[in-house]
>>> print(open('protein.cif').read())   # mmCIF, C-alpha atoms (C1' of nucleotides)
data_coords
loop_
_atom_site.label_atom_id
_atom_site.label_comp_id
_atom_site.auth_asym_id
_atom_site.auth_seq_id
_atom_site.Cartn_x
_atom_site.Cartn_y
_atom_site.Cartn_z
CA MET A 1 31.08 56.69 -5.50
CA LEU A 2 32.33 60.12 -4.54
CA ARG A 3 35.33 60.48 -2.34
CA ILE A 4 36.57 63.54 -0.54
CA ASP A 5 40.19 64.18 0.26
CA LEU A 6 40.41 66.55 3.18
CA ALA A 7 44.18 66.79 2.81
CA SER A 8 43.88 68.22 -0.67
CA HIS A 9 44.28 71.91 -1.34
CA VAL A 10 41.29 71.72 -3.62
CA PRO A 11 38.30 72.86 -1.58
CA VAL A 12 35.72 70.22 -0.78
CA TYR A 13 32.93 71.93 -2.66
CA GLU A 14 35.08 71.91 -5.77
CA GLN A 15 36.00 68.28 -5.30
CA ILE A 16 32.31 67.47 -5.20
CA ALA A 17 31.66 69.57 -8.29
CA ASN A 18 34.55 67.93 -10.11
CA GLY A 19 33.39 64.46 -9.24
CA LEU A 20 29.82 65.12 -10.28
CA ARG A 21 30.91 66.83 -13.47
CA ALA A 22 32.95 63.77 -14.36
CA GLU A 23 29.91 61.57 -13.97
CA LEU A 24 27.75 63.99 -15.89
CA VAL A 25 30.21 64.09 -18.78
CA ALA A 26 30.37 60.32 -18.69
CA GLY A 27 26.63 60.27 -19.13
CA ARG A 28 25.91 58.42 -15.94
CA PHE A 29 23.17 60.94 -15.35
CA GLY A 30 20.76 61.78 -18.11
CA PRO A 31 18.68 64.91 -18.55
CA GLY A 32 15.80 64.92 -16.12
CA ASP A 33 17.49 62.76 -13.57
CA LYS A 34 17.39 63.95 -10.02
CA LEU A 35 20.47 64.26 -7.86
CA PRO A 36 20.34 63.54 -4.15
CA THR A 37 19.34 66.43 -1.96
CA VAL A 38 22.08 68.56 -0.55
CA ARG A 39 21.49 67.21 2.92
CA THR A 40 21.52 63.54 2.06
CA LEU A 41 24.65 63.90 -0.03
CA ALA A 42 26.19 65.98 2.71
CA ILE A 43 25.56 63.29 5.28
CA ASP A 44 26.81 60.71 2.83
CA LEU A 45 30.08 62.59 2.43
CA GLY A 46 30.34 63.74 5.99
CA VAL A 47 30.33 67.44 5.23
CA HIS A 48 27.98 70.33 5.79
CA HIS A 49 24.98 70.66 3.52
CA ASN A 50 26.05 74.17 2.63
CA THR A 51 29.22 72.77 1.15
CA VAL A 52 27.25 70.49 -1.13
CA ALA A 53 24.92 73.33 -1.99
CA GLN A 54 27.89 75.37 -3.14
CA ALA A 55 28.98 72.56 -5.43
CA TYR A 56 25.47 72.29 -6.86
CA ARG A 57 25.37 76.04 -7.44
CA GLN A 58 28.66 75.90 -9.31
CA LEU A 59 27.41 73.14 -11.57
CA ALA A 60 24.22 75.07 -12.10
CA GLU A 61 26.23 78.09 -13.18
CA GLU A 62 28.03 75.88 -15.66
CA GLY A 63 24.70 74.82 -17.04
CA TRP A 64 24.70 71.23 -15.85
CA LEU A 65 21.96 71.45 -13.30
CA GLU A 66 18.60 73.06 -12.88
CA LEU A 67 18.14 74.22 -9.34
CA LYS A 68 14.63 74.91 -8.15
CA ARG A 69 13.75 75.43 -4.56
CA HIS A 70 12.41 72.34 -2.85
CA ARG A 71 12.45 70.46 -6.09
CA GLY A 72 16.00 69.25 -5.82
CA ALA A 73 18.62 69.38 -8.51
CA THR A 74 17.68 68.02 -11.90
CA VAL A 75 20.15 67.34 -14.68
CA ARG A 76 19.77 69.67 -17.61
CA GLU A 77 20.32 69.11 -21.29
CA ARG A 78 23.84 70.26 -21.88
CA HIS A 79 24.35 73.18 -24.18
CA ARG A 80 27.47 73.78 -26.21
CA PRO A 81 30.28 75.33 -24.25
CA SER A 82 31.23 78.28 -26.37
CA ASN A 83 34.03 79.23 -24.06
CA ARG A 84 36.95 78.29 -26.23
CA SER A 85 39.87 78.44 -23.87
CA ASP A 86 43.42 77.57 -24.67
CA GLY A 87 43.91 73.83 -24.59
CA THR A 88 47.48 74.06 -23.45
CA GLU A 89 46.62 75.85 -20.28
CA THR A 90 43.50 73.93 -19.42
CA PHE A 91 44.62 70.48 -20.41
CA ALA A 92 48.14 69.85 -21.66
CA ARG A 93 49.95 71.43 -18.77
CA PRO A 94 47.77 69.95 -16.03
CA LEU A 95 48.11 66.57 -17.68
CA ARG A 96 51.89 66.85 -17.68
CA GLU A 97 51.91 67.83 -14.05
CA LEU A 98 49.54 65.04 -13.14
CA LEU A 99 51.79 62.52 -14.87
CA ALA A 100 54.81 63.93 -13.11
CA LYS A 101 53.07 63.56 -9.79
CA ALA A 102 52.05 60.01 -10.57
CA LEU A 103 55.56 59.03 -11.60
CA ALA A 104 56.98 60.73 -8.54
CA ALA A 105 54.56 58.71 -6.44
CA GLY A 106 56.01 55.56 -7.90
CA LEU A 107 53.14 54.42 -10.07
CA PRO A 108 54.36 52.06 -12.78
CA ARG A 109 54.58 53.47 -16.28
CA LYS A 110 52.54 50.58 -17.57
CA MET A 111 49.57 51.54 -15.49
CA LEU A 112 49.73 55.15 -16.59
CA ILE A 113 50.03 54.20 -20.24
CA ARG A 114 47.10 51.86 -19.89
CA GLU A 115 44.97 54.54 -18.29
CA LEU A 116 45.91 57.06 -20.96
CA LEU A 117 45.09 54.74 -23.83
CA ASP A 118 41.93 53.68 -22.09
CA SER A 119 40.74 57.24 -21.79
CA ALA A 120 41.69 57.94 -25.39
CA HIS A 121 39.62 55.01 -26.58
CA ARG A 122 36.68 56.02 -24.50
CA LEU A 123 36.94 59.48 -25.92
CA GLU A 124 36.96 58.19 -29.46
CA ALA A 125 33.96 56.04 -28.75
CA GLY A 126 32.19 59.10 -27.46
CA ALA A 127 31.66 57.28 -24.21
CA LEU A 128 33.05 60.16 -22.31
CA MET B 1 58.63 78.50 -18.91
CA LEU B 2 56.72 78.50 -15.65
CA ARG B 3 53.36 80.12 -15.44
CA ILE B 4 51.41 81.04 -12.37
CA ASP B 5 47.66 81.29 -12.25
CA LEU B 6 46.65 83.55 -9.44
CA ALA B 7 42.99 82.73 -9.98
CA SER B 8 43.56 79.08 -9.24
CA HIS B 9 42.72 77.70 -5.82
CA VAL B 10 45.96 75.75 -5.94
CA PRO B 11 48.44 77.78 -3.92
CA VAL B 12 51.22 79.43 -5.84
CA TYR B 13 53.98 77.57 -4.04
CA GLU B 14 52.36 74.31 -5.08
CA GLN B 15 51.98 75.46 -8.65
CA ILE B 16 55.68 76.19 -8.69
CA ALA B 17 56.47 72.81 -7.18
CA ASN B 18 54.22 71.08 -9.68
CA GLY B 19 55.78 72.86 -12.61
CA LEU B 20 59.31 72.16 -11.50
CA ARG B 21 58.50 68.56 -10.72
CA ALA B 22 57.15 68.14 -14.22
CA GLU B 23 60.41 69.42 -15.67
CA LEU B 24 62.44 67.29 -13.34
CA VAL B 25 60.52 64.18 -14.30
CA ALA B 26 60.95 65.13 -17.94
CA GLY B 27 64.67 65.18 -17.38
CA ARG B 28 65.15 68.79 -18.33
CA PHE B 29 67.32 69.10 -15.26
CA GLY B 30 69.99 66.54 -14.57
CA PRO B 31 71.57 65.66 -11.25
CA GLY B 32 73.99 68.33 -10.18
CA ASP B 33 72.26 71.09 -12.05
CA LYS B 34 71.58 74.23 -10.15
CA LEU B 35 68.18 75.86 -10.01
CA PRO B 36 67.82 79.62 -9.94
CA THR B 37 67.96 81.20 -6.52
CA VAL B 38 64.73 81.74 -4.71
CA ARG B 39 64.98 85.46 -5.21
CA THR B 40 65.66 85.44 -8.92
CA LEU B 41 62.90 82.95 -9.60
CA ALA B 42 60.62 84.93 -7.35
CA ILE B 43 61.26 88.11 -9.31
CA ASP B 44 60.85 86.16 -12.51
CA LEU B 45 57.43 84.96 -11.41
CA GLY B 46 56.41 88.09 -9.63
CA VAL B 47 55.96 86.52 -6.23
CA HIS B 48 57.68 86.67 -2.90
CA HIS B 49 60.90 84.76 -2.46
CA ASN B 50 59.46 82.99 0.55
CA THR B 51 56.82 81.52 -1.70
CA VAL B 52 59.49 80.08 -3.98
CA ALA B 53 61.42 78.88 -0.96
CA GLN B 54 58.39 76.94 0.17
CA ALA B 55 58.15 75.25 -3.20
CA TYR B 56 61.84 74.35 -3.07
CA ARG B 57 61.42 72.96 0.41
CA GLN B 58 58.56 70.78 -0.71
CA LEU B 59 60.59 69.37 -3.59
CA ALA B 60 63.49 68.83 -1.23
CA GLU B 61 61.22 66.83 1.06
CA GLU B 62 60.23 64.72 -1.91
CA GLY B 63 63.89 64.05 -2.57
CA TRP B 64 64.27 66.03 -5.76
CA LEU B 65 66.47 68.80 -4.51
CA GLU B 66 69.42 69.23 -2.23
CA LEU B 67 69.09 72.45 -0.29
CA LYS B 68 72.19 73.83 1.32
CA ARG B 69 72.37 77.29 2.74
CA HIS B 70 73.86 79.82 0.37
CA ARG B 71 74.68 77.15 -2.10
CA GLY B 72 71.42 77.25 -3.90
CA ALA B 73 69.28 74.31 -4.87
CA THR B 74 70.97 71.47 -6.69
CA VAL B 75 69.12 68.65 -8.39
CA ARG B 76 69.60 65.32 -6.70
CA GLU B 77 69.80 61.85 -8.10
CA ARG B 78 66.29 60.58 -7.83
CA HIS B 79 65.70 57.43 -5.89
CA ARG B 80 62.87 55.12 -6.68
CA PRO B 81 59.91 56.03 -4.56
CA SER B 82 58.82 52.82 -2.91
CA ASN B 83 55.80 54.58 -1.51
CA ARG B 84 53.29 52.89 -3.70
CA SER B 85 50.00 54.70 -3.35
CA ASP B 86 46.77 53.65 -4.92
CA GLY B 87 46.82 54.45 -8.61
CA THR B 88 43.12 55.02 -8.80
CA GLU B 89 43.17 57.79 -6.27
CA THR B 90 46.33 59.50 -7.44
CA PHE B 91 45.88 59.17 -11.15
CA ALA B 92 42.79 57.59 -12.63
CA ARG B 93 40.28 59.75 -10.85
CA PRO B 94 42.11 63.04 -11.33
CA LEU B 95 42.55 62.18 -14.99
CA ARG B 96 38.85 61.54 -15.38
CA GLU B 97 38.04 64.81 -13.71
CA LEU B 98 40.56 66.67 -15.80
CA LEU B 99 39.05 65.25 -18.97
CA ALA B 100 35.58 66.18 -17.79
CA LYS B 101 36.70 69.72 -17.17
CA ALA B 102 38.35 69.94 -20.57
CA LEU B 103 35.26 68.64 -22.33
CA ALA B 104 33.08 70.98 -20.33
CA ALA B 105 35.35 73.82 -21.41
CA GLY B 106 34.66 72.97 -25.03
CA LEU B 107 38.01 71.55 -26.03
CA PRO B 108 37.64 69.32 -29.08
CA ARG B 109 37.85 65.61 -28.47
CA LYS B 110 40.47 65.32 -31.15
CA MET B 111 42.87 67.52 -29.28
CA LEU B 112 42.40 65.61 -26.05
CA ILE B 113 42.90 62.28 -27.77
CA ARG B 114 46.03 63.58 -29.43
CA GLU B 115 47.45 64.79 -26.15
CA LEU B 116 46.65 61.51 -24.42
CA LEU B 117 48.29 59.41 -27.10
CA ASP B 118 51.22 61.77 -27.19
CA SER B 119 51.79 61.41 -23.49
CA ALA B 120 51.42 57.65 -23.71
CA HIS B 121 54.06 57.46 -26.41
CA ARG B 122 56.41 59.67 -24.49
CA LEU B 123 55.91 57.47 -21.47
CA GLU B 124 56.71 54.35 -23.45
CA ALA B 125 59.83 55.98 -24.83
CA GLY B 126 60.89 56.74 -21.31
CA ALA B 127 61.08 60.37 -22.28
CA LEU B 128 58.94 61.33 -19.37
"C1'" DA C 1 91.77 89.33 5.95
"C1'" DT C 2 87.84 92.18 5.80
"C1'" DA C 3 83.94 94.67 4.21
"C1'" DG C 4 80.04 94.11 1.41
"C1'" DT C 5 76.96 91.27 -1.01
"C1'" DT C 6 74.32 87.23 -1.70
"C1'" DT C 7 71.26 83.54 -0.13
"C1'" DG C 8 68.20 80.62 2.39
"C1'" DT C 9 65.63 80.71 6.65
"C1'" DA C 10 62.68 82.20 10.69
"C1'" DC C 11 58.94 84.75 12.56
"C1'" DA C 12 54.96 87.73 12.77
"C1'" DC C 13 51.21 89.89 10.37
"C1'" DT C 14 47.31 90.40 7.21
"C1'" DG C 15 43.81 89.24 4.25
"C1'" DA C 16 41.02 85.99 1.98
"C1'" DA C 17 38.36 82.00 1.80
"C1'" DG C 18 36.52 77.55 3.06
"C1'" DA C 19 33.66 75.06 6.17
"C1'" DC C 20 30.28 75.15 9.61
"C1'" DA C 21 26.14 76.62 12.48
"C1'" DG C 22 21.71 78.07 12.73
"C1'" DA C 23 17.65 80.27 11.17
"C1'" DC C 24 14.36 81.14 7.40
"C1'" DA C 25 10.90 80.77 3.56
"C1'" DA C 26 8.65 78.06 0.52
"C1'" DA C 27 6.83 73.79 -1.12
"C1'" DT C 28 5.69 69.10 -0.47
"C1'" DT C 29 3.39 65.42 2.31
"C1'" DG C 30 0.30 63.26 5.38
"C1'" DC D 1 -3.76 72.43 8.19
"C1'" DA D 2 0.25 70.86 10.63
"C1'" DA D 3 4.66 68.85 10.01
"C1'" DT D 4 8.43 67.84 7.44
"C1'" DT D 5 11.48 68.61 3.75
"C1'" DT D 6 14.66 71.48 1.08
"C1'" DG D 7 17.52 75.08 -0.74
"C1'" DT D 8 19.12 79.56 0.61
"C1'" DC D 9 20.85 83.28 3.48
"C1'" DT D 10 23.67 85.47 7.05
"C1'" DG D 11 27.21 85.36 10.31
"C1'" DT D 12 31.25 83.29 12.65
"C1'" DC D 13 35.44 80.95 13.07
"C1'" DT D 14 39.45 78.86 11.76
"C1'" DT D 15 43.02 77.91 8.61
"C1'" DC D 16 46.50 79.20 5.56
"C1'" DA D 17 48.63 81.39 1.60
"C1'" DG D 18 51.36 85.31 0.64
"C1'" DT D 19 54.04 89.07 2.20
"C1'" DG D 20 57.31 92.12 4.98
"C1'" DT D 21 61.30 92.17 7.45
"C1'" DA D 22 65.15 90.87 9.95
"C1'" DC D 23 68.97 87.59 10.44
"C1'" DA D 24 72.95 84.35 10.11
"C1'" DA D 25 76.02 82.20 7.28
"C1'" DA D 26 78.79 81.82 3.13
"C1'" DC D 27 80.62 83.70 -1.03
"C1'" DT D 28 83.21 87.65 -3.57
"C1'" DA D 29 86.29 91.24 -4.32
"C1'" DT D 30 89.81 94.09 -3.13
#
>>> encode(input="protein.cif", output="structure tokens")
Amino acid sequence: MLRIDLASHVPVYEQIANGLRAELVAGRFGPGDKLPTVRTLAIDLGVHHNTVAQAYRQLAEEGWLELKRHRGATVRERHRPSNRSDGTETFARPLRELLAKALAAGLPRKMLIRELLDSAHRLEAGAL
Amino acid sequence: MLRIDLASHVPVYEQIANGLRAELVAGRFGPGDKLPTVRTLAIDLGVHHNTVAQAYRQLAEEGWLELKRHRGATVRERHRPSNRSDGTETFARPLRELLAKALAAGLPRKMLIRELLDSAHRLEAGAL
DNA sequence: ATAGTTTGTACACTGAAGACAGACAAATTG
DNA sequence: CAATTTGTCTGTCTTCAGTGTACAAACTAT
């Protein structure tokens, strides 16, 4: 499910938040669902529970989770994100850099194209 | 041209490397071309020249640049990277997370789809 | 040829931040 | 009511990004 890359420059708590956010956006968790406790997920990932807690807190700040003491983290109904940031900075450029990295790593163009089209289709279907 | 986000957790030297790699992959620099000196680029970006030097060194390790003392950085003919890493880890997952972040930021699906298809077409045309 | 400038590198220092450890308070469970 | 569970808080430690500075080698100009 979730995988942590300790070699990455991206801090672990953010990797966790990113991974969970991806699943939340994908709708794999519906409103009201409960996420594992910080300790169980921490053990599962092999990190400290405080690290997981930080990820949960970040997602809560973004409005994805409802955090109540001793009641775990429950998925919240997602409100509209009014923050209208520039798409170039938050998407186009990172995408370009990601593609460059993938090509530099030797991944075949075909695979990348397939993934891109796949994501586009999923987006159109609203499945993401 | 290159933009640095100081708020990002990605270190500046890596942002520089990523940006340059993207341009190199895009073919905006051909073999034999000379990159700006570490100091000029550093002033241009408002960072220390050692930071730029670190980025250059990283790209040199990846085989993109030829670094010779006092001769600046020259773009090298790129060899095919046989190092075939797992595509899921290096591309599919980051792409999913990037999309999730973009959606969470409120970027319209249409824009994302357009960017994805655009990149796919460029890939097919070999322009990337 | 030589003095001065340019250029990449090496090394030490500083500050910030991530991850962990341990304790705590509150709520759930039996 | 006792024991366990659970998220939070505070403090510590380590790592590392970014900078300051000095240096050696090569280029330039006269």
>>> resolve_selection(input="protein.cif", expression="the PyMOL selection byres ((chain B and resi 1) around 10)", output="list in words")
Leu2, Arg3, Gly19, Leu20, Glu23 and Leu45 of chain B
>>> write_last_selection(input="protein.cif", atoms="C-alpha atoms", output="CSV table (one decimal), in the frame of the given file")
chain,number,residue,atom,x,y,z
B,2,LEU,CA,56.7,78.5,-15.6
B,3,ARG,CA,53.4,80.1,-15.4
B,19,GLY,CA,55.8,72.9,-12.6
B,20,LEU,CA,59.3,72.2,-11.5
B,23,GLU,CA,60.4,69.4,-15.7
B,45,LEU,CA,57.4,85.0,-11.4
>>> interface_residues(input="protein.cif", of="chain B", to="chain D", cutoff="9 Å", atoms="only C-alpha atoms (C1' of nucleotides)", output="PyMOL selection string")
chain B and resi 11-13+47-48+50-51+69-71
>>> closest_atom_pairs(input="protein.cif", of="chain B", to="chain C", cutoff="12 Å", atoms="only C-alpha atoms (C1' of nucleotides)", output="Markdown table")
| residue | atom | partner | partner_atom | distance |
| --- | --- | --- | --- | --- |
| B:His9 | CA | C:DA17 | C1' | 9.8 |
| B:Pro36 | CA | C:DT7 | C1' | 11.1 |
| B:Thr37 | CA | C:DT7 | C1' | 7.6 |
| B:Val38 | CA | C:DG8 | C1' | 8.0 |
| B:Arg39 | CA | C:DT7 | C1' | 8.3 |
| B:Thr40 | CA | C:DT7 | C1' | 10.6 |
| B:His49 | CA | C:DG8 | C1' | 9.7 |
| B:Asn50 | CA | C:DT9 | C1' | 9.0 |
| B:Val52 | CA | C:DG8 | C1' | 10.8 |
| B:Ala53 | CA | C:DG8 | C1' | 7.8 |
| B:Gln54 | CA | C:DT9 | C1' | 10.4 |
| B:Tyr56 | CA | C:DG8 | C1' | 10.5 |
| B:Arg57 | CA | C:DG8 | C1' | 10.4 |
| B:Leu67 | CA | C:DG8 | C1' | 8.6 |
| B:Lys68 | CA | C:DG8 | C1' | 7.9 |
| B:Arg69 | CA | C:DG8 | C1' | 5.3 |
| B:His70 | CA | C:DT7 | C1' | 4.6 |
| B:Arg71 | CA | C:DT7 | C1' | 7.5 |
| B:Gly72 | CA | C:DT7 | C1' | 7.3 |
| B:Ala73 | CA | C:DG8 | C1' | 9.7 |
>>> write_last_selection(input="protein.cif", atoms="C-alpha atoms", output="CSV table (one decimal), keeping the file's coordinate frame")
chain,number,residue,atom,x,y,z
B,9,HIS,CA,42.7,77.7,-5.8
B,36,PRO,CA,67.8,79.6,-9.9
B,37,THR,CA,68.0,81.2,-6.5
B,38,VAL,CA,64.7,81.7,-4.7
B,39,ARG,CA,65.0,85.5,-5.2
B,40,THR,CA,65.7,85.4,-8.9
B,49,HIS,CA,60.9,84.8,-2.5
B,50,ASN,CA,59.5,83.0,0.6
B,52,VAL,CA,59.5,80.1,-4.0
B,53,ALA,CA,61.4,78.9,-1.0
B,54,GLN,CA,58.4,76.9,0.2
B,56,TYR,CA,61.8,74.4,-3.1
B,57,ARG,CA,61.4,73.0,0.4
B,67,LEU,CA,69.1,72.4,-0.3
B,68,LYS,CA,72.2,73.8,1.3
B,69,ARG,CA,72.4,77.3,2.7
B,70,HIS,CA,73.9,79.8,0.4
B,71,ARG,CA,74.7,77.2,-2.1
B,72,GLY,CA,71.4,77.2,-3.9
B,73,ALA,CA,69.3,74.3,-4.9
>>> residues_around(input="protein.cif", residues="B:Lys110", least_positions_apart="4", cutoff="10 Å", atoms="all atoms listed in the file", output="VMD selection string")
(chain A and resid 120 123 to 124) or (chain B and resid 114 to 116)
>>> atom_distance(input="protein.cif", atom1="atom CA of A:Ala100", atom2="atom CA of A:Ala125")
27.2 Å
>>> resolve_selection(input="protein.cif", expression="the PyMOL selection byres ((chain B) within 9 of (chain A))", output="ChimeraX atom specification")
/B:9-11,18-26,62,80-87,90-117,119-121,123-124,126,128
>>> atom_distance(input="protein.cif", atom1="atom CA of A:Leu65", atom2="atom CA of B:Leu6")
27.8 Å
>>> resolve_selection(input="protein.cif", expression="the PyMOL selection byres ((chain B and resi 34) around 6)", output="ChimeraX atom specification")
/B:33,35,73-74
>>> atom_distance(input="protein.cif", atom1="atom CA of B:Val75", atom2="atom CA of B:Gly32")
5.2 Å
